[in-house]
file model-v5.tsv (TSV, N, CA and C atoms)
chain	number	residue	atom	x	y	z
L	1	MET	N	111.00	54.19	119.13
L	1	MET	CA	109.65	54.39	118.62
L	1	MET	C	109.70	55.29	117.40
L	2	LYS	N	108.90	54.95	116.38
L	2	LYS	CA	108.85	55.76	115.17
L	2	LYS	C	108.17	57.09	115.47
L	3	LEU	N	108.75	58.18	114.96
L	3	LEU	CA	108.21	59.51	115.24
L	3	LEU	C	106.83	59.70	114.63
L	4	SER	N	106.52	58.99	113.56
L	4	SER	CA	105.21	59.15	112.93
L	4	SER	C	104.09	58.54	113.77
L	5	ASN	N	104.42	57.66	114.70
L	5	ASN	CA	103.41	57.03	115.54
L	5	ASN	C	103.22	57.72	116.89
L	6	VAL	N	104.02	58.72	117.20
L	6	VAL	CA	103.98	59.34	118.53
L	6	VAL	C	102.75	60.23	118.69
L	7	LEU	N	102.55	61.17	117.80
L	7	LEU	CA	101.45	62.13	117.92
L	7	LEU	C	100.15	61.52	117.41
L	8	ARG	N	99.09	61.62	118.21
L	8	ARG	CA	97.78	61.10	117.81
L	8	ARG	C	96.89	62.22	117.28
L	9	ALA	N	96.68	63.29	118.10
L	9	ALA	CA	95.78	64.37	117.70
L	9	ALA	C	96.02	65.57	118.61
L	10	PRO	N	95.74	66.77	118.12
L	10	PRO	CA	95.79	67.93	119.01
L	10	PRO	C	94.55	67.95	119.90
L	11	VAL	N	94.71	68.49	121.08
L	11	VAL	CA	93.58	68.63	122.01
L	11	VAL	C	93.11	70.08	121.93
L	12	VAL	N	91.86	70.27	121.50
L	12	VAL	CA	91.30	71.62	121.37
L	12	VAL	C	90.16	71.75	122.37
L	13	THR	N	90.47	72.34	123.51
L	13	THR	CA	89.48	72.62	124.54
L	13	THR	C	89.65	74.06	124.98
L	14	GLU	N	88.76	74.51	125.84
L	14	GLU	CA	88.85	75.88	126.33
L	14	GLU	C	90.15	76.08	127.12
L	15	LYS	N	90.50	75.11	127.93
L	15	LYS	CA	91.72	75.23	128.72
L	15	LYS	C	92.98	75.21	127.85
L	16	SER	N	92.98	74.35	126.82
L	16	SER	CA	94.15	74.27	125.96
L	16	SER	C	94.33	75.53	125.12
L	17	THR	N	93.23	76.18	124.74
L	17	THR	CA	93.36	77.43	123.99
L	17	THR	C	93.87	78.56	124.88
L	18	LEU	N	93.54	78.53	126.16
L	18	LEU	CA	94.11	79.52	127.08
L	18	LEU	C	95.60	79.29	127.29
L	19	LEU	N	96.04	78.04	127.27
L	19	LEU	CA	97.47	77.74	127.42
L	19	LEU	C	98.28	78.21	126.22
L	20	GLN	N	97.65	78.32	125.05
L	20	GLN	CA	98.37	78.76	123.86
L	20	GLN	C	98.91	80.17	123.99
L	21	GLU	N	98.26	81.01	124.80
L	21	GLU	CA	98.73	82.37	124.99
L	21	GLU	C	100.09	82.41	125.67
L	22	SER	N	100.40	81.37	126.44
L	22	SER	CA	101.71	81.30	127.10
L	22	SER	C	102.67	80.38	126.36
L	23	GLY	N	102.34	80.00	125.12
L	23	GLY	CA	103.24	79.19	124.30
L	23	GLY	C	103.20	77.71	124.59
L	24	LYS	N	102.09	77.22	125.15
L	24	LYS	CA	101.96	75.80	125.47
L	24	LYS	C	100.87	75.18	124.60
L	25	TYR	N	101.15	73.99	124.08
L	25	TYR	CA	100.21	73.29	123.20
L	25	TYR	C	100.00	71.88	123.73
L	26	VAL	N	98.77	71.37	123.57
L	26	VAL	CA	98.40	70.07	124.15
L	26	VAL	C	98.11	69.09	123.01
L	27	PHE	N	98.68	67.87	123.13
L	27	PHE	CA	98.50	66.82	122.13
L	27	PHE	C	98.17	65.51	122.82
L	28	LYS	N	97.35	64.67	122.16
L	28	LYS	CA	97.21	63.29	122.57
L	28	LYS	C	98.37	62.53	121.95
L	29	VAL	N	99.01	61.68	122.75
L	29	VAL	CA	100.18	60.96	122.27
L	29	VAL	C	100.03	59.47	122.57
L	30	ASP	N	100.92	58.68	122.01
L	30	ASP	CA	100.94	57.24	122.23
L	30	ASP	C	101.29	56.95	123.69
L	31	LEU	N	100.71	55.89	124.24
L	31	LEU	CA	100.95	55.56	125.65
L	31	LEU	C	102.41	55.22	125.94
L	32	LYS	N	103.11	54.67	124.97
L	32	LYS	CA	104.49	54.26	125.19
L	32	LYS	C	105.51	55.34	124.86
L	33	ALA	N	105.06	56.51	124.41
L	33	ALA	CA	105.98	57.58	124.01
L	33	ALA	C	106.62	58.22	125.24
L	34	THR	N	107.93	58.47	125.14
L	34	THR	CA	108.64	59.16	126.20
L	34	THR	C	108.67	60.65	125.90
L	35	LYS	N	109.14	61.43	126.87
L	35	LYS	CA	109.23	62.88	126.66
L	35	LYS	C	110.20	63.22	125.53
L	36	HIS	N	111.27	62.46	125.43
L	36	HIS	CA	112.24	62.71	124.35
L	36	HIS	C	111.63	62.39	122.99
L	37	ASP	N	110.84	61.32	122.90
L	37	ASP	CA	110.16	60.98	121.65
L	37	ASP	C	109.18	62.08	121.25
L	38	ILE	N	108.44	62.58	122.22
L	38	ILE	CA	107.45	63.63	121.95
L	38	ILE	C	108.14	64.90	121.47
L	39	LYS	N	109.23	65.25	122.12
L	39	LYS	CA	109.97	66.46	121.73
L	39	LYS	C	110.49	66.35	120.31
L	40	ARG	N	111.09	65.21	119.96
L	40	ARG	CA	111.61	65.02	118.60
L	40	ARG	C	110.48	65.02	117.57
L	41	ALA	N	109.33	64.43	117.90
L	41	ALA	CA	108.21	64.37	116.96
L	41	ALA	C	107.63	65.76	116.70
L	42	ILE	N	107.49	66.57	117.73
L	42	ILE	CA	106.96	67.93	117.57
L	42	ILE	C	107.92	68.78	116.75
L	43	GLU	N	109.21	68.68	117.07
L	43	GLU	CA	110.20	69.48	116.34
L	43	GLU	C	110.27	69.07	114.87
L	44	ALA	N	110.14	67.79	114.59
L	44	ALA	CA	110.19	67.33	113.20
L	44	ALA	C	108.91	67.68	112.44
L	45	ALA	N	107.77	67.58	113.09
L	45	ALA	CA	106.50	67.79	112.39
L	45	ALA	C	106.20	69.27	112.13
L	46	PHE	N	106.55	70.15	113.08
L	46	PHE	CA	106.14	71.54	112.98
L	46	PHE	C	107.30	72.52	112.82
L	47	ASP	N	108.53	72.04	112.82
L	47	ASP	CA	109.72	72.88	112.64
L	47	ASP	C	109.77	74.01	113.68
L	48	VAL	N	109.64	73.64	114.95
L	48	VAL	CA	109.72	74.58	116.07
L	48	VAL	C	110.71	74.04	117.08
L	49	GLN	N	111.09	74.89	118.04
L	49	GLN	CA	112.00	74.45	119.10
L	49	GLN	C	111.21	74.27	120.39
L	50	VAL	N	111.29	73.07	120.96
L	50	VAL	CA	110.57	72.72	122.18
L	50	VAL	C	111.49	72.92	123.37
L	51	THR	N	110.99	73.64	124.40
L	51	THR	CA	111.80	73.85	125.60
L	51	THR	C	111.49	72.84	126.69
L	52	SER	N	110.22	72.41	126.81
L	52	SER	CA	109.89	71.40	127.82
L	52	SER	C	108.65	70.62	127.40
L	53	VAL	N	108.54	69.42	127.98
L	53	VAL	CA	107.39	68.54	127.72
L	53	VAL	C	106.91	68.01	129.07
L	54	ASN	N	105.63	68.19	129.35
L	54	ASN	CA	104.99	67.62	130.54
L	54	ASN	C	103.95	66.61	130.06
L	55	THR	N	103.92	65.44	130.69
L	55	THR	CA	102.98	64.40	130.27
L	55	THR	C	102.07	64.02	131.42
L	56	LEU	N	100.90	63.50	131.06
L	56	LEU	CA	99.97	62.97	132.06
L	56	LEU	C	99.19	61.83	131.45
L	57	ARG	N	98.94	60.82	132.27
L	57	ARG	CA	98.16	59.66	131.85
L	57	ARG	C	96.82	59.69	132.57
L	58	THR	N	95.77	59.40	131.83
L	58	THR	CA	94.45	59.27	132.43
L	58	THR	C	93.97	57.85	132.21
L	59	HIS	N	93.47	57.24	133.25
L	59	HIS	CA	92.98	55.87	133.17
L	59	HIS	C	91.54	55.90	132.68
L	60	GLY	N	91.20	54.95	131.82
L	60	GLY	CA	89.87	54.88	131.26
L	60	GLY	C	88.82	54.50	132.30
L	61	LYS	N	87.64	55.06	132.12
L	61	LYS	CA	86.55	54.78	133.05
L	61	LYS	C	85.97	53.39	132.82
L	62	VAL	N	85.42	52.82	133.86
L	62	VAL	CA	84.72	51.54	133.74
L	62	VAL	C	83.24	51.87	133.61
L	63	LYS	N	82.64	51.42	132.52
L	63	LYS	CA	81.23	51.68	132.24
L	63	LYS	C	80.44	50.39	132.40
L	64	THR	N	79.19	50.51	132.84
L	64	THR	CA	78.32	49.36	132.99
L	64	THR	C	77.15	49.50	132.02
L	65	TYR	N	76.97	48.48	131.19
L	65	TYR	CA	75.86	48.40	130.27
L	65	TYR	C	75.04	47.17	130.64
L	66	GLY	N	73.97	47.35	131.40
L	66	GLY	CA	73.20	46.21	131.88
L	66	GLY	C	74.05	45.42	132.86
L	67	ARG	N	74.29	44.15	132.52
L	67	ARG	CA	75.16	43.34	133.36
L	67	ARG	C	76.62	43.36	132.90
L	68	ASN	N	76.84	43.91	131.74
L	68	ASN	CA	78.18	43.91	131.17
L	68	ASN	C	78.98	45.13	131.62
L	69	ARG	N	80.25	44.89	131.91
L	69	ARG	CA	81.13	46.00	132.26
L	69	ARG	C	82.21	46.09	131.20
L	70	SER	N	82.53	47.31	130.80
L	70	SER	CA	83.60	47.51	129.84
L	70	SER	C	84.44	48.70	130.30
L	71	LYS	N	85.68	48.72	129.84
L	71	LYS	CA	86.62	49.76	130.25
L	71	LYS	C	86.99	50.57	129.02
L	72	GLN	N	86.90	51.89	129.16
L	72	GLN	CA	87.34	52.76	128.09
L	72	GLN	C	88.87	52.78	128.07
L	73	PRO	N	89.48	53.08	126.94
L	73	PRO	CA	90.94	53.00	126.86
L	73	PRO	C	91.64	54.09	127.67
L	74	ASP	N	92.84	53.78	128.15
L	74	ASP	CA	93.69	54.76	128.80
L	74	ASP	C	94.23	55.72	127.74
L	75	THR	N	94.51	56.97	128.15
L	75	THR	CA	95.04	57.95	127.23
L	75	THR	C	96.24	58.65	127.86
L	76	LYS	N	97.04	59.26	127.02
L	76	LYS	CA	98.19	60.02	127.48
L	76	LYS	C	98.21	61.35	126.74
L	77	LYS	N	98.40	62.44	127.47
L	77	LYS	CA	98.46	63.77	126.88
L	77	LYS	C	99.83	64.38	127.16
L	78	ALA	N	100.25	65.25	126.27
L	78	ALA	CA	101.51	65.96	126.45
L	78	ALA	C	101.25	67.46	126.32
L	79	ILE	N	101.77	68.22	127.28
L	79	ILE	CA	101.72	69.68	127.22
L	79	ILE	C	103.11	70.13	126.83
L	80	VAL	N	103.22	70.70	125.64
L	80	VAL	CA	104.50	71.05	125.05
L	80	VAL	C	104.69	72.56	125.13
L	81	THR	N	105.81	73.01	125.71
L	81	THR	CA	106.14	74.42	125.79
L	81	THR	C	107.16	74.73	124.70
L	82	LEU	N	106.85	75.75	123.89
L	82	LEU	CA	107.73	76.14	122.80
L	82	LEU	C	108.62	77.31	123.23
L	83	ALA	N	109.68	77.52	122.47
L	83	ALA	CA	110.58	78.65	122.71
L	83	ALA	C	109.82	79.96	122.46
L	84	ALA	N	110.32	81.04	123.03
L	84	ALA	CA	109.65	82.33	122.92
L	84	ALA	C	109.56	82.76	121.46
L	85	GLY	N	108.40	83.26	121.07
L	85	GLY	CA	108.19	83.74	119.71
L	85	GLY	C	107.80	82.70	118.69
L	86	GLU	N	107.71	81.44	119.07
L	86	GLU	CA	107.34	80.38	118.14
L	86	GLU	C	105.90	79.95	118.39
L	87	SER	N	105.26	79.47	117.32
L	87	SER	CA	103.88	78.99	117.45
L	87	SER	C	103.66	77.88	116.43
L	88	ILE	N	102.58	77.13	116.63
L	88	ILE	CA	102.19	76.06	115.72
L	88	ILE	C	100.98	76.53	114.95
L	89	GLN	N	101.05	76.46	113.61
L	89	GLN	CA	100.02	77.04	112.77
L	89	GLN	C	98.71	76.25	112.73
L	90	ILE	N	98.70	75.00	113.16
L	90	ILE	CA	97.46	74.22	113.15
L	90	ILE	C	96.41	74.87	114.05
L	91	PHE	N	96.83	75.42	115.17
L	91	PHE	CA	95.90	75.96	116.14
L	91	PHE	C	95.42	77.37	115.76
L	92	GLU	N	96.25	78.15	115.08
L	92	GLU	CA	95.81	79.48	114.65
L	92	GLU	C	94.97	79.36	113.40
L	93	GLY	N	93.85	80.03	113.39
L	93	GLY	CA	92.99	80.04	112.23
L	93	GLY	C	92.19	78.77	112.02
L	94	ALA	N	92.16	77.91	113.02
L	94	ALA	CA	91.41	76.65	112.86
L	94	ALA	C	89.97	76.84	113.25
call {"tool": "encode", "arguments": {"input": "model-v5.tsv", "output": "structure tokens"}}
result
Amino acid sequence: MKLSNVLRAPVVTEKSTLLQESGKYVFKVDLKATKHDIKRAIEAAFDVQVTSVNTLRTHGKVKTYGRNRSKQPDTKKAIVTLAAGESIQIFEGA
């Protein structure tokens, strides 16, 4: 998988900002991306050292509009732990 297609967007929520204090950052990633792909993409994009990657998939909800039913897309998030003393500048000062 191409590294430019792995990362979709950073996740900025109250919980993710609390995780930043312990050196963990949350990103939306491609559904087909593996932990190794995510690690290489983060290290290449932000020039940091990644110690671990945890991933989770959420299934899209089924919504009903009148008689029609539609499904929202599935998503995948990655919680990336950085080495001690390193940080990603996108989240600071944003």
call {"tool": "residues_near_point", "arguments": {"input": "model-v5.tsv", "point": "(93.4, 53.0, 128.4)", "cutoff": "8 Å", "atoms": "all atoms listed in the file", "output": "PyMOL selection string"}}
result
chain L and resi 58-61+71-76
call {"tool": "select_by_dssp", "arguments": {"input": "model-v5.tsv", "residues": "range 4-93 of chain L", "states": "strand (DSSP E)", "output": "number ranges by chain"}}
result
L: 7-10, 24-29, 50-58, 62-65, 68-71, 75-82
call {"tool": "atom_distance", "arguments": {"input": "model-v5.tsv", "atom1": "atom N of Asn68 in chain L", "atom2": "atom C of Leu31 in chain L"}}
result
28.6 Å
call {"tool": "residues_around", "arguments": {"input": "model-v5.tsv", "residues": "Lys39 in chain L", "least_positions_apart": "6", "cutoff": "8 Å", "atoms": "only C-alpha atoms", "output": "PyMOL selection string"}}
result
chain L and resi 50+52-53+80
call {"tool": "residues_around", "arguments": {"input": "model-v5.tsv", "residues": "Ile88 in chain L", "least_positions_apart": "3", "cutoff": "10 Å", "atoms": "only C-alpha atoms", "output": "count of residues only"}}
result
12
call {"tool": "select_by_dssp", "arguments": {"input": "model-v5.tsv", "residues": "range 21-85 of chain L", "states": "alpha helix (DSSP H)", "output": "PyMOL selection string"}}
result
chain L and resi 35-46
call {"tool": "atom_distance", "arguments": {"input": "model-v5.tsv", "atom1": "CA of Lys28 in chain L", "atom2": "atom N of Thr64 in chain L"}}
result
24.4 Å
call {"tool": "atom_distance", "arguments": {"input": "model-v5.tsv", "atom1": "atom N of Val62 in chain L", "atom2": "CA of Leu18 in chain L"}}
result
28.9 Å
call {"tool": "axis_aligned_box", "arguments": {"input": "model-v5.tsv", "around": "range 51-68 of chain L", "padding_each_side": "6 Å", "output": "lines of an AutoDock Vina configuration file"}}
result
center_x = 92.5
center_y = 58.6
center_z = 129.1
size_x = 50.6
size_y = 42.5
size_z = 21.5
call {"tool": "closest_residue", "arguments": {"input": "model-v5.tsv", "among": "L:Met1, L:Ile90, L:Leu7, L:Ala84", "to": "Phe27 in chain L", "atoms": "only N, CA and C atoms"}}
result
L:Leu7
call {"tool": "residues_around", "arguments": {"input": "model-v5.tsv", "residues": "Ala9 in chain L", "least_positions_apart": "3", "cutoff": "8 Å", "atoms": "all atoms listed in the file", "output": "short mmCIF file (atom, residue, chain, number, x, y, z; two decimals) with N, CA and C atoms, in the coordinates of the input"}}
result
data_model
loop_
_atom_site.label_atom_id
_atom_site.label_comp_id
_atom_site.auth_asym_id
_atom_site.auth_seq_id
_atom_site.Cartn_x
_atom_site.Cartn_y
_atom_site.Cartn_z
N VAL L 6 104.02 58.72 117.20
CA VAL L 6 103.98 59.34 118.53
C VAL L 6 102.75 60.23 118.69
N VAL L 12 91.86 70.27 121.50
CA VAL L 12 91.30 71.62 121.37
C VAL L 12 90.16 71.75 122.37
N VAL L 26 98.77 71.37 123.57
CA VAL L 26 98.40 70.07 124.15
C VAL L 26 98.11 69.09 123.01
N PHE L 27 98.68 67.87 123.13
CA PHE L 27 98.50 66.82 122.13
C PHE L 27 98.17 65.51 122.82
N LYS L 28 97.35 64.67 122.16
CA LYS L 28 97.21 63.29 122.57
C LYS L 28 98.37 62.53 121.95
N VAL L 29 99.01 61.68 122.75
CA VAL L 29 100.18 60.96 122.27
C VAL L 29 100.03 59.47 122.57
N ASP L 30 100.92 58.68 122.01
CA ASP L 30 100.94 57.24 122.23
C ASP L 30 101.29 56.95 123.69
#
call {"tool": "closest_residue", "arguments": {"input": "model-v5.tsv", "among": "L:Lys77, L:Lys63, L:Arg69, L:Arg40", "to": "Arg8 in chain L", "atoms": "only C-alpha atoms"}}
result
L:Lys77
call {"tool": "closest_residue", "arguments": {"input": "model-v5.tsv", "among": "L:Thr55, L:Lys32, L:Glu14, L:Leu19", "to": "Lys2 in chain L", "atoms": "only C-alpha atoms"}}
result
L:Lys32
